[in-house]
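Colleague: Structure provided below as structure tokens; questions to follow.
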Amino acid sequence: MEYFTDTDMGLDIGLVNRAVESAFADHGKGDVQMPPKVYITLPDGDFRTMPAYLPSLGIAGVKIVNVHPDNPTQGLPTVMALTVILDIGTGEPTAVINATRLTDMRTGAAGAVACKYLSPKKEIVLGVIGTGRQAEAQVAAISRELKIRQIKIWGRNDGHVRKFTDRFMEFPCVAAPVEKACDCDVLVTTTPSRSPIVRDEWIHEGTHINAIGADAPGKEELDPAILRRAQVFVDDPAQAVHSGEINVPISTGVYREADIAGTLGEVVIGKKQRRDPSAITVFDSTGLAIQDLAIAKIAMQHGKRIELPFP
């Protein structure tokens, strides 16, 4: 068995986008095994286990990932992850992968795939709500699928906003009030908020929204009125109902599971699509284990590897 680390070094974002897109296609066709992720609540955060099998890639495994919001005060990432790959013939563990940075990249790739298929424009003004690692990952991945004319960024911390604009100097990047950041062609929300940040009246027709931040019960970034007038596409219905952007509106009765327009996988294979250019579309991302396997398949060709005895 091998332990892999620094696997994100030299990993081409465009290649990651294509791998994740292919995994969503398999999901849309029903060609994967993937139960909903399991949450364990801890005193200061949680961790999730995410098993899956992707027959098209001949890969099976499980990711363990935590979310501890106060970790940065201790010099640790909020999110850390480890993926274990199993031999599909024997079940023997064959690889353990440091998947912390890979988790950022595969989530960014999912947002990029959603933009590729759901944005009515190929040249966009991009609005970004939040300034953390996932905001950066979304911009990096989306820029491979669409031409970004301008980025409008909003965050609660002015220093973090300045660092973000410095990170993406290749694009015209401006700090903006939250309502101005929402005046865009594609909006990305990447906060851990438990109350809506984005108001319905700020979203104009034709906007595509990647709702990334809501990944646990109780989290919510969008005014539920946006969902009621939008086409909402999810990565996986069971996970979205439990912990995605739609979880709170469903629990309070202002949105119904039956209102979901489809899955991103169904969009990728052409089974579902945006109604028309003026429609508002939302991609509700919770993160799928098949994304982790797809990126693991290519990531193991990179980084450092250490032999570990097993059994």
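Chain labels A, B, ... are given in the sequence in which chains occur in the structure tokens; within each chain residues are numbered consecutively from 1, and ligands are likewise numbered from 1 in the order shown.
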Would you please extract all helix (DSSP H, G or I) residues from segment 63-211 of chain A, as assigned by DSSP on the backbone, and give them as a PyMOL selection string?

Modeller: chain A and resi 71-74+100-118+133-142+158-167+178-181+200-202

Colleague: Per residue of segment 32-75 of chain A within 12 Å of segment 191-207 of chain A, record the nearest atom pair and its distance in Å to one decimal, counting only C-alpha atoms, with rows in chain order and ascending residue number, as CSV.

Modeller:
```
residue,atom,partner,partner_atom,distance
A:Val67,CA,A:Pro192,CA,10.2
A:His68,CA,A:Pro192,CA,10.8
A:Pro69,CA,A:Pro192,CA,8.4
A:Asp70,CA,A:Pro192,CA,11.7
```

Colleague: Please extract the residues of segment 10-48 of chain A with a backbone DSSP assignment of strand (DSSP E or B) and present them as a VMD selection string.

Modeller: chain A and resid 33 38 to 42 45 to 48

Colleague: Give me the residues near segment 120-124 of chain A as a count of residues only, where near means some atom within 10 Å (using only C-alpha atoms) and where sequence neighbours in that chain fewer than 3 positions away do not count.

Modeller: 25

Colleague: Can you pull out the residues contacting Pro217 of chain A? Cut-off 10 Å, using only C-alpha atoms, and skip same-chain residues under 6 positions away; I want them as a PyMOL selection string.

Modeller: chain A and resi 39+194+239-248+251

Colleague: Those residues you just picked out, can you put them in a file as a PDB file, in the first residue's frame with C-alpha atoms?

Modeller:
```pdb
ATOM      1  CA  TYR A  39     -22.264  12.752   9.131  1.00  0.00           C
ATOM      2  CA  ARG A 194     -26.703  29.623   8.368  1.00  0.00           C
ATOM      3  CA  GLN A 239     -27.669  14.626  -0.159  1.00  0.00           C
ATOM      4  CA  ALA A 240     -29.153  17.944  -1.283  1.00  0.00           C
ATOM      5  CA  VAL A 241     -32.358  17.392   0.688  1.00  0.00           C
ATOM      6  CA  HIS A 242     -30.347  16.470   3.767  1.00  0.00           C
ATOM      7  CA  SER A 243     -27.584  19.063   3.672  1.00  0.00           C
ATOM      8  CA  GLY A 244     -27.544  21.188   0.502  1.00  0.00           C
ATOM      9  CA  GLU A 245     -28.815  24.688  -0.201  1.00  0.00           C
ATOM     10  CA  ILE A 246     -32.363  23.333  -0.380  1.00  0.00           C
ATOM     11  CA  ASN A 247     -32.212  21.595   3.031  1.00  0.00           C
ATOM     12  CA  VAL A 248     -33.567  24.488   5.122  1.00  0.00           C
ATOM     13  CA  SER A 251     -37.514  21.567   6.209  1.00  0.00           C
TER      14      SER A 251
END
```

Colleague: What are the closest atom pairs, with distances in Å to one decimal, for each residue of segment 253-272 of chain A lying within 10 Å of segment 10-23 of chain A, using only C-alpha atoms, rows by chain and rising residue number, as a Markdown table?

Modeller:
```
| residue | atom | partner | partner_atom | distance |
| --- | --- | --- | --- | --- |
| A:Leu264 | CA | A:Glu21 | CA | 9.2 |
| A:Gly265 | CA | A:Ala23 | CA | 8.1 |
| A:Val268 | CA | A:Glu21 | CA | 7.3 |
| A:Ile269 | CA | A:Ser22 | CA | 9.5 |
```

Colleague: Using only C-alpha atoms, which residues sit within 6 Å of Gly155 of chain A once same-chain residues fewer than 3 positions away are excluded, as a PyMOL selection string?

Modeller: chain A and resi 130-131+161

Colleague: Hey, can you spit out that residue selection with N, CA, C and O atoms as an mmCIF file, in the first residue's frame?

Modeller:
```cif
data_model
loop_
_atom_site.group_PDB
_atom_site.id
_atom_site.type_symbol
_atom_site.label_atom_id
_atom_site.label_comp_id
_atom_site.auth_asym_id
_atom_site.auth_seq_id
_atom_site.Cartn_x
_atom_site.Cartn_y
_atom_site.Cartn_z
ATOM 1 N N GLY A 130 -17.672 35.279 -0.632
ATOM 2 C CA GLY A 130 -16.749 34.494 0.171
ATOM 3 C C GLY A 130 -15.343 34.566 -0.414
ATOM 4 O O GLY A 130 -15.177 34.752 -1.626
ATOM 5 N N THR A 131 -14.327 34.420 0.437
ATOM 6 C CA THR A 131 -12.947 34.631 0.003
ATOM 7 C C THR A 131 -12.010 33.479 0.350
ATOM 8 O O THR A 131 -10.795 33.620 0.243
ATOM 9 N N VAL A 161 -10.420 39.994 1.334
ATOM 10 C CA VAL A 161 -10.836 40.441 0.000
ATOM 11 C C VAL A 161 -9.626 40.942 -0.780
ATOM 12 O O VAL A 161 -9.454 40.627 -1.966
#
```

Colleague: Which residue out of A:Gly253, A:Pro309, A:Gly287, A:Gly89 has the minimum interatomic distance to Ala216 of chain A when only C-alpha atoms are used?

Modeller: A:Gly287

Colleague: Which residues come within 7 Å of Phe4 of chain A, counting only C-alpha atoms, excluding same-chain residues fewer than 4 positions away, as number ranges by chain?

Modeller: A: 96-98, 300, 303-306

Colleague: Could you please take those selected residues and save N, CA and C atoms as a CSV table (one decimal), in the first residue's frame?

Modeller:
```
chain,number,residue,atom,x,y,z
A,96,VAL,N,-3.5,5.3,0.3
A,96,VAL,CA,-4.1,6.3,1.2
A,96,VAL,C,-3.6,7.6,0.6
A,97,ILE,N,-4.6,8.6,0.4
A,97,ILE,CA,-4.3,9.8,-0.3
A,97,ILE,C,-4.6,11.0,0.6
A,98,ASN,N,-3.7,11.9,0.8
A,98,ASN,CA,-3.9,13.2,1.4
A,98,ASN,C,-4.8,14.0,0.4
A,300,MET,N,-3.0,10.2,-8.3
A,300,MET,CA,-2.0,9.2,-7.9
A,300,MET,C,-0.8,9.2,-8.9
A,303,GLY,N,2.8,13.9,-7.2
A,303,GLY,CA,3.1,14.0,-5.8
A,303,GLY,C,4.1,13.0,-5.3
A,304,LYS,N,4.2,13.0,-4.0
A,304,LYS,CA,5.1,12.0,-3.3
A,304,LYS,C,4.4,10.8,-2.9
A,305,ARG,N,5.1,9.7,-2.9
A,305,ARG,CA,4.5,8.4,-2.4
A,305,ARG,C,5.5,7.7,-1.4
A,306,ILE,N,4.8,7.1,-0.4
A,306,ILE,CA,5.6,6.4,0.6
A,306,ILE,C,5.0,5.1,0.8
```

Colleague: Determine, counting only C-alpha atoms, which protein, DNA and RNA residues have an atom within 8 Å of an atom of Phe233 of chain A; residues of the same chain fewer than 6 positions away are not included. Present the result as a list in words.

Modeller: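 Once the adjacent positions are removed, what remains is Ile260, Ala261, Gly262, Thr263, Leu264, Thr281, Val282, Phe283 and Asp284 of chain A.
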
Colleague: So, with only C-alpha atoms as the atoms that count, which of A:Leu288, A:Pro224, A:Ala25, A:Val32 lies closest to Lys272 of chain A?

Modeller: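 Using only C-alpha atoms, Lys272 of chain A sits closest to A:Ala25.
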
Colleague: Which one is closest to Gly132 of chain A: A:Thr73, A:Gln273, A:Asn66, A:Thr190? Count only C-alpha atoms.

Modeller: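 For Gly132 of chain A, the nearest of the candidates is A:Thr190.
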
Colleague: Pick the closest to Ser285 of chain A from A:Ala299, A:Ala140, A:Pro177, A:Ala114: which is it, counting only C-alpha atoms?

Modeller: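 That would be A:Ala114, the residue with the smallest distance to Ser285 of chain A.
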
Colleague: Find the distance between atom CA of Thr94 of chain A and atom CA of Gly61 of chain A and write it in Å to one decimal.

Modeller: 9.7 Å
